[in-house]
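Enquirer: Pasting work10.cif below, which is mmCIF, C-alpha atoms.
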data_start
loop_
_atom_site.label_atom_id
_atom_site.label_comp_id
_atom_site.auth_asym_id
_atom_site.auth_seq_id
_atom_site.Cartn_x
_atom_site.Cartn_y
_atom_site.Cartn_z
CA MET W 23 -46.79 -54.32 2.42
CA THR W 24 -42.99 -54.14 2.55
CA GLN W 25 -41.15 -57.27 1.51
CA CYS W 26 -38.50 -58.43 3.96
CA ASN W 27 -35.14 -59.55 2.57
CA SER W 28 -34.42 -62.99 4.03
CA ASN W 29 -30.76 -62.94 2.96
CA PHE W 30 -28.33 -62.29 5.78
CA LEU W 31 -25.56 -59.72 5.74
CA ALA W 32 -22.10 -61.23 5.26
CA PRO W 33 -19.25 -59.63 7.24
CA ASN W 34 -16.61 -59.95 4.51
CA GLY W 35 -17.94 -57.66 1.77
CA PHE W 36 -16.98 -54.02 2.26
CA GLN W 37 -14.87 -51.23 0.80
CA LEU W 38 -13.63 -47.98 2.32
CA ASP W 39 -13.92 -44.90 0.10
CA ILE W 40 -12.12 -41.70 0.97
CA PRO W 41 -13.16 -39.23 -1.76
CA GLY W 42 -10.18 -37.60 -3.39
CA PHE W 43 -7.78 -40.27 -2.18
CA SER W 44 -8.67 -43.19 -4.44
CA SER W 45 -5.07 -43.43 -5.67
CA VAL W 46 -3.91 -44.36 -2.17
CA GLY W 47 -5.46 -47.82 -2.54
CA PHE W 48 -6.32 -48.87 0.98
CA GLN W 49 -6.32 -52.62 1.31
CA VAL W 50 -8.82 -52.69 4.17
CA ILE W 51 -9.05 -56.04 5.92
CA SER W 52 -11.45 -54.99 8.67
CA ALA W 53 -13.68 -52.04 9.41
CA ASN W 54 -16.64 -51.40 11.64
CA ILE W 55 -19.88 -49.52 11.65
CA PRO W 56 -19.47 -48.04 15.11
CA GLY W 57 -21.95 -48.39 17.89
CA ILE W 58 -23.98 -45.51 19.24
CA SER W 59 -25.33 -44.92 22.70
CA MET W 60 -27.60 -42.44 24.38
CA GLY W 61 -26.89 -41.25 27.86
CA GLY W 62 -29.49 -39.61 30.03
CA PRO W 63 -30.18 -38.51 33.56
CA GLN W 64 -31.23 -40.84 36.35
CA GLN W 65 -34.54 -40.05 38.03
CA ALA W 66 -34.26 -40.67 41.75
CA THR W 67 -37.34 -42.02 43.52
CA PRO W 68 -37.89 -43.41 47.03
CA LEU W 69 -38.15 -46.90 45.53
CA ASN W 70 -36.03 -47.52 42.42
CA ASP W 71 -34.12 -44.99 40.35
CA PHE W 72 -34.92 -45.14 36.66
CA GLN W 73 -33.22 -43.95 33.52
CA LEU W 74 -34.78 -41.10 31.56
CA SER W 75 -34.23 -40.89 27.83
CA GLY W 76 -31.27 -38.78 26.79
CA ASP W 77 -30.91 -35.91 24.40
CA LYS W 78 -27.47 -36.63 22.91
CA LEU W 79 -25.99 -39.53 20.98
CA GLU W 80 -22.44 -40.70 21.55
CA TYR W 81 -20.73 -42.27 18.54
CA GLU W 82 -17.92 -44.79 18.94
CA SER W 83 -14.78 -44.44 16.83
CA LEU W 84 -14.40 -45.84 13.32
CA THR W 85 -11.54 -48.33 13.32
CA VAL W 86 -9.98 -49.53 10.09
CA ARG W 87 -7.28 -52.18 9.71
CA PHE W 88 -5.44 -52.26 6.39
CA LEU W 89 -2.54 -54.01 4.69
CA VAL W 90 0.38 -51.61 4.28
CA ASP W 91 1.55 -51.41 0.68
CA GLU W 92 5.22 -52.00 -0.08
CA ASP W 93 5.90 -48.30 -0.76
CA CYS W 94 4.10 -47.38 2.49
CA THR W 95 1.87 -44.98 0.54
CA ASN W 96 -1.37 -45.69 2.39
CA TYR W 97 0.29 -45.58 5.83
CA SER W 98 2.14 -42.35 5.07
CA PHE W 99 -1.08 -40.78 3.77
CA ILE W 100 -2.74 -41.19 7.19
CA HIS W 101 0.47 -40.03 8.89
CA ASN W 102 0.67 -36.91 6.71
CA TRP W 103 -3.02 -36.17 7.27
CA MET W 104 -2.45 -36.22 11.03
CA VAL W 105 0.72 -34.11 10.73
CA GLY W 106 -1.12 -31.63 8.52
CA ILE W 107 -3.94 -31.23 11.02
CA THR W 108 -1.76 -30.82 14.11
CA TYR W 109 1.31 -28.83 12.93
CA PRO W 110 3.67 -30.86 15.15
CA GLN W 111 6.94 -30.03 13.37
CA GLN W 112 6.41 -26.64 11.82
CA GLU W 113 3.64 -24.18 11.23
CA GLY W 114 3.60 -24.76 7.48
CA SER W 115 2.87 -28.51 7.72
CA TRP W 116 -0.80 -27.99 6.96
CA HIS W 117 -0.04 -25.94 3.85
CA LYS W 118 2.41 -28.60 2.60
CA PHE W 119 -0.20 -31.31 3.10
CA ALA W 120 -2.92 -29.24 1.40
CA GLN W 121 -0.63 -28.52 -1.57
CA ALA W 122 0.28 -32.20 -1.86
CA MET W 123 -3.42 -33.06 -1.97
CA ARG W 124 -4.09 -30.40 -4.61
CA ASP W 125 -1.23 -31.90 -6.64
CA ARG W 126 -3.19 -35.17 -6.52
CA ASN W 127 -6.23 -33.31 -7.93
CA PHE W 128 -8.07 -33.37 -4.63
CA GLN W 129 -10.95 -30.90 -4.98
CA ASP W 130 -12.05 -30.36 -1.38
CA ASP W 131 -10.57 -27.43 0.56
CA SER W 132 -11.54 -28.71 4.03
CA LEU W 133 -8.80 -31.30 4.37
CA ASP W 134 -8.82 -31.38 8.16
CA SER W 135 -12.02 -33.45 8.04
CA ILE W 136 -13.83 -35.04 5.10
CA ASP W 137 -16.77 -37.34 4.49
CA MET W 138 -15.73 -40.99 4.26
CA TYR W 139 -17.84 -43.90 3.07
CA LEU W 140 -17.90 -47.54 4.05
CA ARG W 141 -19.67 -49.43 1.28
CA ILE W 142 -21.19 -52.75 2.30
CA LEU W 143 -21.17 -55.25 -0.56
CA SER W 144 -23.34 -58.23 -1.49
CA SER W 145 -21.97 -61.68 -2.27
CA ASN W 146 -21.74 -60.45 -5.90
CA PHE W 147 -19.66 -57.42 -4.75
CA ASN W 148 -22.40 -54.94 -5.53
CA THR W 149 -23.11 -52.13 -3.08
CA ILE W 150 -26.03 -52.99 -0.78
CA PHE W 151 -25.83 -49.93 1.43
CA LYS W 152 -23.40 -47.18 2.44
CA CYS W 153 -22.34 -45.73 5.74
CA LYS W 154 -21.33 -42.08 5.43
CA PHE W 155 -19.04 -40.72 8.15
CA VAL W 156 -19.54 -36.95 8.21
CA GLU W 157 -16.46 -34.77 8.79
CA ALA W 158 -14.13 -37.66 9.61
CA HIS W 159 -10.50 -37.24 10.56
CA PRO W 160 -7.80 -39.60 11.85
CA VAL W 161 -6.96 -39.55 15.56
CA ALA W 162 -4.65 -42.57 15.86
CA LEU W 163 -2.34 -44.65 13.68
CA SER W 164 -0.80 -47.88 14.93
CA THR W 165 2.80 -48.98 15.12
CA LEU W 166 4.43 -50.86 12.23
CA GLU W 167 6.37 -53.71 13.78
CA PHE W 168 9.12 -55.45 11.81
CA PHE W 169 10.45 -58.86 12.89
CA THR W 170 12.46 -61.76 11.52
CA ASP W 171 11.32 -64.66 13.71
CA GLN W 172 8.41 -65.78 11.50
CA LEU W 173 8.63 -68.75 9.13
CA ASP W 174 5.76 -67.60 6.91
CA ILE W 175 5.51 -64.11 5.50
CA GLN W 176 2.79 -62.14 7.24
CA TYR W 177 2.29 -58.76 5.63
CA LEU W 178 2.20 -55.70 7.82
CA VAL W 179 -1.18 -54.52 9.03
CA ALA W 180 -1.83 -51.03 10.37
CA GLU W 181 -4.82 -49.73 12.26
CA ALA W 182 -6.23 -46.23 11.87
CA THR W 183 -8.85 -44.74 14.17
CA PHE W 184 -11.15 -41.97 13.00
CA LYS W 185 -13.50 -39.59 14.78
CA TYR W 186 -16.43 -37.98 13.00
CA VAL W 187 -19.48 -35.86 13.79
CA TYR W 188 -22.10 -38.54 13.00
CA PHE W 189 -22.84 -41.26 10.47
CA THR W 190 -25.81 -42.05 8.26
CA LEU W 191 -26.86 -45.14 6.33
CA SER W 192 -28.24 -45.04 2.80
CA ASP W 193 -29.23 -47.76 0.36
CA LYS W 194 -27.56 -48.47 -3.00
CA ASN W 195 -29.71 -45.74 -4.61
CA ASP W 196 -28.67 -43.16 -1.99
CA LYS W 197 -32.07 -43.27 -0.27
CA ASP W 198 -31.63 -42.53 3.42
CA LEU W 199 -32.08 -45.49 5.75
CA THR W 200 -31.37 -43.44 8.87
CA LEU W 201 -32.23 -39.92 9.97
#
As C-alpha cells, what does this structure read like?

Expert:
Amino acid sequence: MTQCNSNFLAPNGFQLDIPGFSSVGFQVISANIPGISMGGPQQATPLNDFQLSGDKLEYESLTVRFLVDEDCTNYSFIHNWMVGITYPQQEGSWHKFAQAMRDRNFQDDSLDSIDMYLRILSSNFNTIFKCKFVEAHPVALSTLEFFTDQLDIQYLVAEATFKYVYFTLSDKNDKDLTL
C-alpha cells in the first residue's frame, strides 16, 4: 500500500535552473508550472452534442518573473538569447551569441532551445520534485520601467515568457512522475 504524504505543497519554495547559465543568477520571484489542455472534436447528435477525447495536448507558456540585477546581466541574457535566435540586427547575431556562451563554458550546441528545470523545494529548501521543460526558448521579455515618484525603493522586476515542446515531472531521485 502506498503511503500518502499529508504535507501540503507550499507556493514559495522553488528555483529555476537553466543548465549552462548558472552564473547569470536569476532571482526568480514567481514561476508557474503551466496548465495543459486537450482539445477534441464535438460529436453532433440529434439531442445533445458531446465532446470526444482529443489526441493532442496544448501546453500553456512558462512565465517567470525575476528581480533584475544591478548590472542587468540576467535581463540582457534573455535579450541576447532572443536576439541570437531571431537575427534581428545582422546575420551573425546567432554566432556572436553562441560564441559568448562557449566563452562561459556552456557545453550545449543547441542554444536556440534548451531543457530548463523548475525545482520545487520543501520547507527545508530541499528538492521535492522537478519540472523539466523540454526544448525551451524565450518568446517574450517585459519592459523595464524606471520612475522617480516612489518613496520606497522597489527593485525592478522583469517577466520572461518561454515556449517549450512539453514538460515532465520527476521526483527528487529523478524517478518519473509523469509520462

Enquirer: As an exercise, work out the distance from atom CA of W:Ser164 to atom CA of W:Ile142 in Å and give it to one decimal place.

Expert: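 Computing it gives 24.5 Å between the two atoms.
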
Enquirer: Point out the residue among W:Leu173, W:Ile58, W:Leu178, W:Cys153 with the least atom-to-atom distance to W:Thr190, counting all atoms listed in the file.

Expert: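 Closest residue, counting all atoms listed in the file: W:Cys153.
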
Enquirer: Got a sec to resolve the PyMOL selection byres ((chain W and resi 50) around 9) on this structure and send the residues as a PDB file with C-alpha atoms, keeping the file's coordinate frame?

Expert:
ATOM      1  CA  PHE W  36     -16.980 -54.020   2.260  1.00  0.00           C
ATOM      2  CA  GLN W  37     -14.870 -51.230   0.800  1.00  0.00           C
ATOM      3  CA  LEU W  38     -13.630 -47.980   2.320  1.00  0.00           C
ATOM      4  CA  GLY W  47      -5.460 -47.820  -2.540  1.00  0.00           C
ATOM      5  CA  PHE W  48      -6.320 -48.870   0.980  1.00  0.00           C
ATOM      6  CA  GLN W  49      -6.320 -52.620   1.310  1.00  0.00           C
ATOM      7  CA  ILE W  51      -9.050 -56.040   5.920  1.00  0.00           C
ATOM      8  CA  SER W  52     -11.450 -54.990   8.670  1.00  0.00           C
ATOM      9  CA  ALA W  53     -13.680 -52.040   9.410  1.00  0.00           C
ATOM     10  CA  VAL W  86      -9.980 -49.530  10.090  1.00  0.00           C
ATOM     11  CA  ARG W  87      -7.280 -52.180   9.710  1.00  0.00           C
ATOM     12  CA  PHE W  88      -5.440 -52.260   6.390  1.00  0.00           C
ATOM     13  CA  LEU W  89      -2.540 -54.010   4.690  1.00  0.00           C
TER      14      LEU W  89
END

Enquirer: Tell me which of W:Arg141, W:His159, W:Lys118, W:Lys154 sits closest to W:Ile100, counting only C-alpha atoms.

Expert: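 Closest residue, counting only C-alpha atoms: W:His159.
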
Enquirer: Have a look at W:Ile136, W:Val105, W:Val156, W:Cys94 and name the one nearest to W:Tyr81; count only C-alpha atoms.

Expert: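 The answer is W:Val156, which sits nearest to W:Tyr81.
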
Enquirer: Please determine, counting only C-alpha atoms, which residue among W:Trp103, W:Pro33, W:Gly61, W:Val90 has the shortest atom-to-atom distance to W:Gly76.

Expert: W:Gly61

Enquirer: Just how far from atom CA of W:Ile40 is atom CA of W:Leu166, in Å to one decimal?

Expert: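 So the two atoms, atom CA of W:Leu166 and atom CA of W:Ile40, lie 22.0 Å apart.
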
Enquirer: What is the atom CA of W:Asn54-atom CA of W:Thr85 distance in Å, reported with one decimal?

Expert: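 Spanning atom CA of W:Asn54 to atom CA of W:Thr85 is a straight-line distance of 6.2 Å.
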
Enquirer: Find the residues near W:Tyr188: any atom within 12 Å, counting all atoms listed in the file, skip ones fewer than 2 places away on the same chain, and give them as a PyMOL selection string.

Expert: chain W and resi 55-58+78-84+136-138+153-159+184-186+190-191+200-201

Enquirer: Which one of W:Phe168, W:Ile150, W:Glu181, W:Ala162 sits closest to W:Ala32 if you count all atoms listed in the file?

Expert: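 So, comparing all the options, the nearest one is W:Ile150.
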
Enquirer: Around (-28.9, -50.2, 1.8), as given in the file, which residues come within 6 Å? Count all atoms listed in the file and list them as a PyMOL selection string.

Expert: chain W and resi 150-151+192-194

Enquirer: Please identify all polymer residues within 12 Å of W:Asp77, counting only C-alpha atoms, omitting same-chain residues fewer than 4 positions from it, and present them as a list of chain:residue names.

Expert: W:Ser59, W:Met60, W:Gly61, W:Gly62, W:Pro63

Enquirer: Let me make sure I understand: among W:Ile107, W:Asp196, W:Asn96, W:Leu163, which one has the smallest atom-to-atom distance to W:Thr149 if we use only C-alpha atoms?

Expert: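 Smallest distance to W:Thr149 is found for W:Asp196.
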
Enquirer: Draw an axis-aligned box tight on the listed atoms of stretch 65-72 of chain W, then pad every side by 8 Å and write out centre and edge lengths in Å to one decimal as lines of an AutoDock Vina configuration file.

Expert:
center_x = -36.1
center_y = -43.8
center_z = 41.8
size_x = 20.0
size_y = 23.5
size_z = 26.4
